file run_1.txt (compact mmCIF, C-alpha atoms)
# COMPACT_ATOMS: atom_id res chain seq x y z
CA MET A 9 30.68 5.40 8.04
CA LEU A 10 26.93 5.53 8.71
CA SER A 11 25.89 9.12 8.16
CA SER A 12 22.69 8.92 6.10
CA SER A 13 19.67 10.83 7.36
CA LYS A 14 17.44 8.17 5.83
CA LYS A 15 15.63 5.73 8.11
CA LEU A 16 14.68 2.24 7.03
CA VAL A 17 11.41 1.31 8.73
CA ASP A 18 10.62 -2.34 9.37
CA ALA A 19 7.34 -4.21 8.86
CA ASN A 20 6.52 -4.09 12.57
CA ILE A 21 6.39 -0.28 12.59
CA LEU A 22 4.20 -0.19 9.48
CA LEU A 23 1.90 -2.88 10.89
CA ARG A 24 1.44 -1.12 14.22
CA LEU A 25 0.49 2.07 12.35
CA ILE A 26 -2.04 0.23 10.17
CA LEU A 27 -3.53 -2.13 12.75
CA GLN A 28 -3.32 0.17 15.80
CA ASP A 29 -3.65 -2.93 17.95
CA ASP A 30 -1.08 -1.92 20.57
CA GLU A 31 -1.50 1.63 21.80
CA GLN A 32 2.02 1.95 23.20
CA LEU A 33 3.73 0.67 20.07
CA PHE A 34 1.35 2.66 17.88
CA GLN A 35 2.37 5.88 19.63
CA LYS A 36 6.06 4.99 19.29
CA ALA A 37 5.63 4.22 15.59
CA LEU A 38 3.63 7.44 15.13
CA HIS A 39 6.53 9.43 16.56
CA VAL A 40 8.90 7.79 14.09
CA VAL A 41 6.79 9.15 11.21
CA GLN A 42 5.95 12.51 12.79
CA ASP A 43 9.56 13.23 13.74
CA ALA A 44 10.93 12.23 10.34
CA GLY A 45 12.08 14.89 7.92
CA LEU A 46 10.98 15.22 4.33
CA ALA A 47 11.45 11.96 2.36
CA THR A 48 13.64 10.36 5.02
CA LEU A 49 11.66 7.18 5.75
CA VAL A 50 12.44 4.31 3.43
CA THR A 51 10.44 1.17 2.81
CA THR A 52 11.40 -1.66 0.47
CA PRO A 53 9.53 -4.33 -1.53
CA ILE A 54 10.61 -6.97 1.02
CA ILE A 55 9.11 -4.97 3.87
CA ALA A 56 5.94 -4.35 1.83
CA ALA A 57 5.66 -8.09 1.08
CA GLU A 58 5.93 -8.92 4.78
CA VAL A 59 3.24 -6.36 5.67
CA LEU A 60 0.92 -7.74 2.97
CA TYR A 61 1.52 -11.27 4.21
CA VAL A 62 0.67 -10.40 7.82
CA LEU A 63 -2.40 -8.36 6.86
CA GLY A 64 -3.60 -11.22 4.66
CA GLY A 65 -3.21 -13.57 7.61
CA ARG A 66 -5.32 -11.21 9.70
CA GLY A 67 -8.13 -11.52 7.16
CA TYR A 68 -7.61 -8.30 5.22
CA SER A 69 -8.33 -8.53 1.50
CA ARG A 70 -5.68 -7.75 -1.10
CA GLU A 71 -7.37 -4.42 -1.83
CA GLN A 72 -7.51 -3.46 1.84
CA SER A 73 -3.88 -4.42 2.47
CA ALA A 74 -2.59 -2.53 -0.57
CA GLN A 75 -4.75 0.49 0.24
CA ALA A 76 -3.48 0.59 3.82
CA LEU A 77 0.16 0.53 2.71
CA LEU A 78 -0.42 3.15 0.03
CA LEU A 79 -2.25 5.46 2.43
CA LEU A 80 0.54 5.08 4.96
CA THR A 81 3.53 5.53 2.69
CA ASN A 82 2.14 8.20 0.34
CA ARG A 83 3.12 11.05 2.60
CA ALA A 84 5.91 13.59 2.69
CA SER A 85 8.03 11.79 5.29
CA PHE A 86 8.36 8.67 3.11
CA LEU A 87 10.81 8.49 0.23
CA GLU A 88 8.72 8.13 -2.92
CA ASP A 89 9.04 4.75 -4.64
CA ILE A 90 6.93 4.75 -7.81
CA ILE A 91 7.69 1.11 -8.63
CA LEU A 92 6.53 0.01 -5.20
CA GLN A 93 3.38 2.14 -5.41
CA LYS A 94 2.46 0.80 -8.85
CA SER A 95 3.18 -2.76 -7.66
CA LEU A 96 0.78 -2.30 -4.76
CA GLN A 97 -1.90 -0.95 -7.09
CA LEU A 98 -1.40 -3.94 -9.39
CA TYR A 99 -1.56 -6.30 -6.39
CA ALA A 100 -4.95 -4.84 -5.46
CA GLU A 101 -6.26 -5.23 -9.01
CA THR A 102 -5.01 -8.71 -9.91
CA ARG A 103 -4.76 -12.17 -8.37
CA LEU A 104 -0.98 -12.42 -8.71
CA ASP A 105 1.43 -12.63 -5.78
CA PHE A 106 3.06 -9.40 -4.73
CA PRO A 107 6.56 -10.44 -5.89
CA ASP A 108 5.12 -11.10 -9.36
CA CYS A 109 3.41 -7.70 -9.40
CA TYR A 110 6.70 -6.09 -8.39
CA LEU A 111 8.64 -7.97 -11.07
CA ALA A 112 6.22 -6.96 -13.82
CA ILE A 113 6.19 -3.29 -12.83
CA ARG A 114 9.94 -3.13 -12.29
CA ALA A 115 10.66 -4.78 -15.63
CA LEU A 116 8.46 -2.23 -17.38
CA ALA A 117 9.78 0.75 -15.46
CA THR A 118 13.46 -0.09 -15.83
CA LYS A 119 13.15 -1.71 -19.29
CA GLU A 120 14.81 -4.84 -17.91
CA GLN A 121 13.67 -7.91 -19.77
CA LEU A 122 11.52 -10.22 -17.68
CA GLU A 123 12.49 -13.89 -17.79
CA THR A 124 10.00 -16.25 -16.19
CA PHE A 125 8.33 -19.66 -16.60
CA ASP A 126 5.24 -18.30 -14.87
CA LYS A 127 2.52 -18.07 -17.53
CA PRO A 128 0.05 -15.82 -15.67
CA LEU A 129 2.90 -13.41 -14.86
CA LEU A 130 4.11 -13.40 -18.46
CA LYS A 131 0.58 -12.79 -19.70
CA LEU A 132 0.15 -9.85 -17.36
CA TYR A 133 3.58 -8.47 -18.25
CA ASN A 134 2.81 -8.61 -21.98
CA ARG A 135 -0.57 -6.97 -21.44
CA LEU A 136 1.03 -4.18 -19.41
CA LYS A 137 3.73 -3.76 -22.03
CA GLU A 138 1.12 -3.34 -24.75
CA ASN A 139 -0.77 -0.78 -22.69
CA ARG A 140 2.34 0.88 -21.38
CA ASN A 141 1.29 4.35 -22.45
CA GLU A 142 -2.14 3.96 -20.90
CA ALA A 143 -0.69 2.59 -17.69
CA LYS A 144 1.88 5.44 -17.49
CA ILE A 145 4.59 3.09 -16.30
CA MET B 7 -14.95 27.30 -4.89
CA ILE B 8 -13.69 26.38 -8.36
CA TYR B 9 -10.17 27.28 -9.42
CA THR B 10 -8.59 27.18 -12.86
CA VAL B 11 -4.87 26.53 -12.77
CA SER B 12 -2.22 26.22 -15.46
CA ILE B 13 -0.20 23.09 -16.13
CA THR B 14 3.43 23.35 -17.21
CA LYS B 15 5.11 21.28 -19.92
CA LYS B 16 6.35 19.00 -17.15
CA GLY B 17 2.79 18.42 -15.94
CA GLN B 18 3.22 20.55 -12.84
CA MET B 19 0.44 22.77 -11.56
CA THR B 20 0.39 25.29 -8.76
CA ILE B 21 -2.10 24.86 -5.98
CA PRO B 22 -3.42 28.34 -5.09
CA LYS B 23 -2.14 29.66 -1.78
CA ASP B 24 -5.57 29.88 -0.13
CA VAL B 25 -6.30 26.25 -1.11
CA ARG B 26 -3.01 25.16 0.46
CA GLU B 27 -3.90 27.09 3.59
CA ARG B 28 -7.41 25.62 3.74
CA LEU B 29 -6.02 22.10 3.37
CA GLY B 30 -3.21 22.81 5.79
CA VAL B 31 -0.57 21.46 3.41
CA ASP B 32 2.95 22.84 3.37
CA ALA B 33 5.38 22.94 0.49
CA PRO B 34 7.43 20.92 -0.09
CA GLY B 35 4.97 18.20 0.78
CA LYS B 36 2.38 15.87 -0.65
CA VAL B 37 -1.31 15.85 -1.47
CA THR B 38 -3.50 13.00 -2.63
CA LEU B 39 -5.27 13.20 -6.00
CA ASP B 40 -8.36 11.12 -6.71
CA VAL B 41 -9.64 10.76 -10.27
CA ASP B 42 -13.10 9.24 -10.61
CA ILE B 43 -14.53 7.46 -13.64
CA LYS B 44 -16.08 10.71 -14.89
CA GLY B 45 -12.66 12.31 -14.99
CA ARG B 46 -13.24 14.53 -11.97
CA LEU B 47 -10.16 15.29 -9.95
CA THR B 48 -10.32 15.73 -6.19
CA LEU B 49 -7.39 16.92 -4.15
CA HIS B 50 -7.02 15.87 -0.53
CA LYS B 51 -4.66 16.41 2.32
CA PRO B 52 -2.86 13.07 2.97
CA VAL B 53 -4.94 10.85 5.22
CA ALA B 54 -4.05 11.09 8.91
CA ILE B 55 -2.34 7.90 10.09
CA GLU B 56 -4.91 7.58 12.89
CA ASP B 57 -7.68 7.37 10.24
CA ILE B 58 -6.11 4.63 8.07
CA ARG B 59 -7.63 1.77 10.07
CA THR B 60 -11.12 3.31 9.79
CA ILE B 61 -10.77 3.97 6.04
CA VAL B 62 -9.47 0.46 5.33
CA GLY B 63 -12.25 -1.05 7.44
CA LYS B 64 -12.55 -4.39 9.14
CA PRO B 65 -10.95 -7.45 7.56
CA ALA B 66 -13.07 -8.22 4.50
CA GLY B 67 -11.15 -11.16 3.12
CA LYS B 68 -11.13 -14.70 4.40
CA LYS B 69 -12.34 -14.80 7.95
CA PRO B 70 -9.30 -14.70 10.23
CA PHE B 71 -8.82 -17.54 12.65
CA THR B 72 -9.79 -16.89 16.25
CA GLU B 73 -7.46 -17.84 19.09
CA ARG B 74 -9.67 -20.88 19.77
CA GLU B 75 -9.52 -21.96 16.12
CA LYS B 76 -5.73 -21.63 16.10
CA LEU B 77 -5.63 -24.16 18.95
CA ILE B 78 -8.22 -26.52 17.49
CA ILE B 79 -7.23 -26.58 13.80
CA PRO B 80 -4.01 -28.60 14.14
CA GLN B 81 -5.92 -31.26 16.05
CA VAL B 82 -8.98 -31.55 13.84
CA MET B 83 -7.08 -31.34 10.56
CA LYS B 84 -5.68 -34.79 11.30
CA LYS B 85 -9.12 -36.18 10.63
CA LYS B 86 -10.48 -35.13 7.26
CA LYS B 87 -14.17 -35.46 8.03
CA TYR B 88 -13.79 -33.28 11.10
CA ALA B 89 -11.79 -30.80 9.07
CA GLU B 90 -14.61 -30.55 6.52
CA PHE B 91 -17.15 -30.14 9.29
CA PHE B 92 -15.03 -27.46 10.86
CA GLN B 93 -14.72 -25.51 7.60
CA LYS B 94 -18.49 -25.61 7.04
CA ALA B 95 -19.13 -24.47 10.58
CA ARG B 96 -16.95 -21.36 10.22
call {"tool": "encode", "arguments": {"input": "run_1.txt", "output": "structure tokens"}}
result
Amino acid sequence: MLSSSKKLVDANILLRLILQDDEQLFQKALHVVQDAGLATLVTTPIIAAEVLYVLGGRGYSREQSAQALLLLTNRASFLEDIILQKSLQLYAETRLDFPDCYLAIRALATKEQLETFDKPLLKLYNRLKENRNEAKI
Amino acid sequence: MIYTVSITKKGQMTIPKDVRERLGVDAPGKVTLDVDIKGRLTLHKPVAIEDIRTIVGKPAGKKPFTEREKLIIPQVMKKKKYAEFFQKAR
């Protein structure tokens, strides 16, 4: 039975709200957020990755793309996802792909061991692990 | 106006009622905290969605392809020297 009050928003809705390139769709997307109750809108790392990919293709820098997503989703109507937020901040600050940023942050937050052949990712992960207290992860 | 507020063991602090009213934030809800390099904390009402595009600014990364470029690129990329010329011309 589908009875959750949560709403999973897709990348298209988030993109229309950020880019505001289609007035009609922007207004529709705006209503989705404005009409949502407290912490009812849900976004996932896959949706975030798609938004970052599209914004990158439109010429937005990593910092701009991450900032846009953080500004949009850090509001009362969105369900708080600390791992996603930290991953976006890391994406803005490093040169790693978003999935790598997510993996590193998730591994630290959940204490899951990270297994990877990716040297830059492993280096970042170890650095974050050493500075865990400073990073407040 | 400067306010001094207490912080609980859990790290929670209470935003004075008149500040909440001035910012127009309701509880339960969210506010944005900015900490600058000098350790100063600024509290904001969450950015209006309509203002996000302005705050983020115009695309600052790699120049996006124009509609004309999207049509031309697949053709010119077949010939390397034209591709190089095209990249320099952008």
call {"tool": "atom_distance", "arguments": {"input": "run_1.txt", "atom1": "CA of Lys64 in chain B", "atom2": "CA of Gln72 in chain A"}}
result
8.9 Å
call {"tool": "closest_atom_pairs", "arguments": {"input": "run_1.txt", "of": "range 40-141 of chain A", "to": "range 33-41 of chain B", "cutoff": "8 Å", "atoms": "only C-alpha atoms", "output": "CSV"}}
result
residue,atom,partner,partner_atom,distance
A:Leu46,CA,B:Gly35,CA,7.6
A:Asn82,CA,B:Lys36,CA,7.7
A:Arg83,CA,B:Lys36,CA,5.9
A:Ala84,CA,B:Gly35,CA,5.1
call {"tool": "residues_around", "arguments": {"input": "run_1.txt", "residues": "range 76-81 of chain A", "least_positions_apart": "3", "cutoff": "7 Å", "atoms": "only C-alpha atoms", "output": "list in words"}}
result
Ile26, Gln72, Ser73, Phe86 and Gln93 of chain A; Val53, Ile55, Ile58 and Val62 of chain B
call {"tool": "atom_distance", "arguments": {"input": "run_1.txt", "atom1": "CA of Ala57 in chain A", "atom2": "CA of Pro107 in chain A"}}
result
7.4 Å
call {"tool": "residues_around", "arguments": {"input": "run_1.txt", "residues": "range 133-136 of chain A", "least_positions_apart": "2", "cutoff": "9 Å", "atoms": "all atoms listed in the file", "output": "PyMOL selection string"}}
result
chain A and resi 109+111-113+115-116+122+128-131+138-140+142-143+145
call {"tool": "interface_residues", "arguments": {"input": "run_1.txt", "of": "chain A", "to": "chain B", "cutoff": "12 Å", "atoms": "only C-alpha atoms", "output": "VMD selection string"}}
result
chain A and resid 22 to 29 31 34 to 35 37 to 42 45 to 47 62 to 88
call {"tool": "atom_distance", "arguments": {"input": "run_1.txt", "atom1": "CA of Leu29 in chain B", "atom2": "CA of Ser12 in chain B"}}
result
19.6 Å
call {"tool": "residues_around", "arguments": {"input": "run_1.txt", "residues": "range 13-21 of chain A", "least_positions_apart": "6", "cutoff": "7 Å", "atoms": "only C-alpha atoms", "output": "ChimeraX atom specification"}}
result
/A:37,48-51,55,58-59
call {"tool": "closest_residue", "arguments": {"input": "run_1.txt", "among": "A:Asp108, A:Lys94, A:Asp30, A:Thr102", "to": "Phe125 in chain A", "atoms": "all atoms listed in the file"}}
result
A:Asp108
call {"tool": "decode", "arguments": {"input": "run_1.txt", "residues": "range 14-97 of chain A", "atoms": "C-alpha atoms", "output": "PDB file, in the first residue's frame"}}
result
ATOM      1  CA  LYS A  14       6.799  11.820   1.423  1.00  0.00           C
ATOM      2  CA  LYS A  15       7.307  12.982  -2.154  1.00  0.00           C
ATOM      3  CA  LEU A  16      10.292  11.966  -4.230  1.00  0.00           C
ATOM      4  CA  VAL A  17      11.197  14.851  -6.532  1.00  0.00           C
ATOM      5  CA  ASP A  18      12.965  14.138  -9.808  1.00  0.00           C
ATOM      6  CA  ALA A  19      15.898  15.977 -11.391  1.00  0.00           C
ATOM      7  CA  ASN A  20      13.624  17.827 -13.818  1.00  0.00           C
ATOM      8  CA  ILE A  21      11.771  19.585 -10.990  1.00  0.00           C
ATOM      9  CA  LEU A  22      15.018  20.572  -9.270  1.00  0.00           C
ATOM     10  CA  LEU A  23      16.525  21.787 -12.549  1.00  0.00           C
ATOM     11  CA  ARG A  24      13.519  23.932 -13.436  1.00  0.00           C
ATOM     12  CA  LEU A  25      13.724  25.559  -9.995  1.00  0.00           C
ATOM     13  CA  ILE A  26      17.444  26.270 -10.375  1.00  0.00           C
ATOM     14  CA  LEU A  27      17.552  27.290 -14.031  1.00  0.00           C
ATOM     15  CA  GLN A  28      14.135  29.013 -14.228  1.00  0.00           C
ATOM     16  CA  ASP A  29      14.326  28.591 -17.987  1.00  0.00           C
ATOM     17  CA  ASP A  30      10.688  27.615 -18.505  1.00  0.00           C
ATOM     18  CA  GLU A  31       8.253  29.876 -16.700  1.00  0.00           C
ATOM     19  CA  GLN A  32       5.346  27.428 -16.810  1.00  0.00           C
ATOM     20  CA  LEU A  33       7.342  24.483 -15.493  1.00  0.00           C
ATOM     21  CA  PHE A  34       9.084  26.723 -12.969  1.00  0.00           C
ATOM     22  CA  GLN A  35       5.724  27.766 -11.510  1.00  0.00           C
ATOM     23  CA  LYS A  36       4.569  24.136 -11.385  1.00  0.00           C
ATOM     24  CA  ALA A  37       7.779  23.075  -9.651  1.00  0.00           C
ATOM     25  CA  LEU A  38       7.500  26.024  -7.255  1.00  0.00           C
ATOM     26  CA  HIS A  39       4.038  24.841  -6.228  1.00  0.00           C
ATOM     27  CA  VAL A  40       5.423  21.379  -5.500  1.00  0.00           C
ATOM     28  CA  VAL A  41       7.830  22.916  -2.962  1.00  0.00           C
ATOM     29  CA  GLN A  42       5.450  25.546  -1.586  1.00  0.00           C
ATOM     30  CA  ASP A  43       2.616  23.064  -1.091  1.00  0.00           C
ATOM     31  CA  ALA A  44       4.833  20.454   0.552  1.00  0.00           C
ATOM     32  CA  GLY A  45       4.642  19.908   4.287  1.00  0.00           C
ATOM     33  CA  LEU A  46       7.567  19.913   6.668  1.00  0.00           C
ATOM     34  CA  ALA A  47      10.350  17.521   5.554  1.00  0.00           C
ATOM     35  CA  THR A  48       8.176  15.761   2.993  1.00  0.00           C
ATOM     36  CA  LEU A  49      10.240  16.291  -0.170  1.00  0.00           C
ATOM     37  CA  VAL A  50      12.921  13.694  -0.719  1.00  0.00           C
ATOM     38  CA  THR A  51      15.938  13.855  -2.987  1.00  0.00           C
ATOM     39  CA  THR A  52      18.522  11.121  -3.465  1.00  0.00           C
ATOM     40  CA  PRO A  53      22.209  10.970  -4.477  1.00  0.00           C
ATOM     41  CA  ILE A  54      21.186   9.670  -7.919  1.00  0.00           C
ATOM     42  CA  ILE A  55      18.922  12.661  -8.485  1.00  0.00           C
ATOM     43  CA  ALA A  56      21.637  15.018  -7.212  1.00  0.00           C
ATOM     44  CA  ALA A  57      24.183  13.424  -9.573  1.00  0.00           C
ATOM     45  CA  GLU A  58      21.841  13.933 -12.530  1.00  0.00           C
ATOM     46  CA  VAL A  59      21.275  17.592 -11.603  1.00  0.00           C
ATOM     47  CA  LEU A  60      25.042  18.172 -11.265  1.00  0.00           C
ATOM     48  CA  TYR A  61      25.625  16.501 -14.625  1.00  0.00           C
ATOM     49  CA  VAL A  62      23.062  18.674 -16.414  1.00  0.00           C
ATOM     50  CA  LEU A  63      24.255  21.886 -14.750  1.00  0.00           C
ATOM     51  CA  GLY A  64      27.851  21.019 -15.676  1.00  0.00           C
ATOM     52  CA  GLY A  65      26.748  20.551 -19.271  1.00  0.00           C
ATOM     53  CA  ARG A  66      25.144  23.986 -19.173  1.00  0.00           C
ATOM     54  CA  GLY A  67      28.492  25.492 -18.209  1.00  0.00           C
ATOM     55  CA  TYR A  68      27.994  25.867 -14.471  1.00  0.00           C
ATOM     56  CA  SER A  69      31.096  25.275 -12.366  1.00  0.00           C
ATOM     57  CA  ARG A  70      31.219  22.574  -9.697  1.00  0.00           C
ATOM     58  CA  GLU A  71      30.918  25.232  -6.994  1.00  0.00           C
ATOM     59  CA  GLN A  72      27.913  26.859  -8.644  1.00  0.00           C
ATOM     60  CA  SER A  73      26.134  23.542  -9.203  1.00  0.00           C
ATOM     61  CA  ALA A  74      26.688  22.361  -5.635  1.00  0.00           C
ATOM     62  CA  GLN A  75      25.691  25.743  -4.223  1.00  0.00           C
ATOM     63  CA  ALA A  76      22.475  25.760  -6.250  1.00  0.00           C
ATOM     64  CA  LEU A  77      21.471  22.308  -5.014  1.00  0.00           C
ATOM     65  CA  LEU A  78      22.337  23.138  -1.414  1.00  0.00           C
ATOM     66  CA  LEU A  79      20.405  26.412  -1.508  1.00  0.00           C
ATOM     67  CA  LEU A  80      17.416  24.618  -2.980  1.00  0.00           C
ATOM     68  CA  THR A  81      17.293  21.590  -0.716  1.00  0.00           C
ATOM     69  CA  ASN A  82      18.314  23.229   2.577  1.00  0.00           C
ATOM     70  CA  ARG A  83      14.800  24.294   3.415  1.00  0.00           C
ATOM     71  CA  ALA A  84      12.074  23.040   5.704  1.00  0.00           C
ATOM     72  CA  SER A  85      10.077  21.239   3.015  1.00  0.00           C
ATOM     73  CA  PHE A  86      13.008  18.956   2.119  1.00  0.00           C
ATOM     74  CA  LEU A  87      13.914  15.942   4.222  1.00  0.00           C
ATOM     75  CA  GLU A  88      17.365  16.627   5.641  1.00  0.00           C
ATOM     76  CA  ASP A  89      20.112  14.387   4.258  1.00  0.00           C
ATOM     77  CA  ILE A  90      23.404  15.241   5.967  1.00  0.00           C
ATOM     78  CA  ILE A  91      25.427  12.774   3.881  1.00  0.00           C
ATOM     79  CA  LEU A  92      24.129  14.312   0.668  1.00  0.00           C
ATOM     80  CA  GLN A  93      24.789  17.846   1.911  1.00  0.00           C
ATOM     81  CA  LYS A  94      28.358  17.028   2.970  1.00  0.00           C
ATOM     82  CA  SER A  95      28.930  15.235  -0.351  1.00  0.00           C
ATOM     83  CA  LEU A  96      27.851  18.345  -2.246  1.00  0.00           C
ATOM     84  CA  GLN A  97      30.164  20.512  -0.155  1.00  0.00           C
TER      85      GLN A  97
END
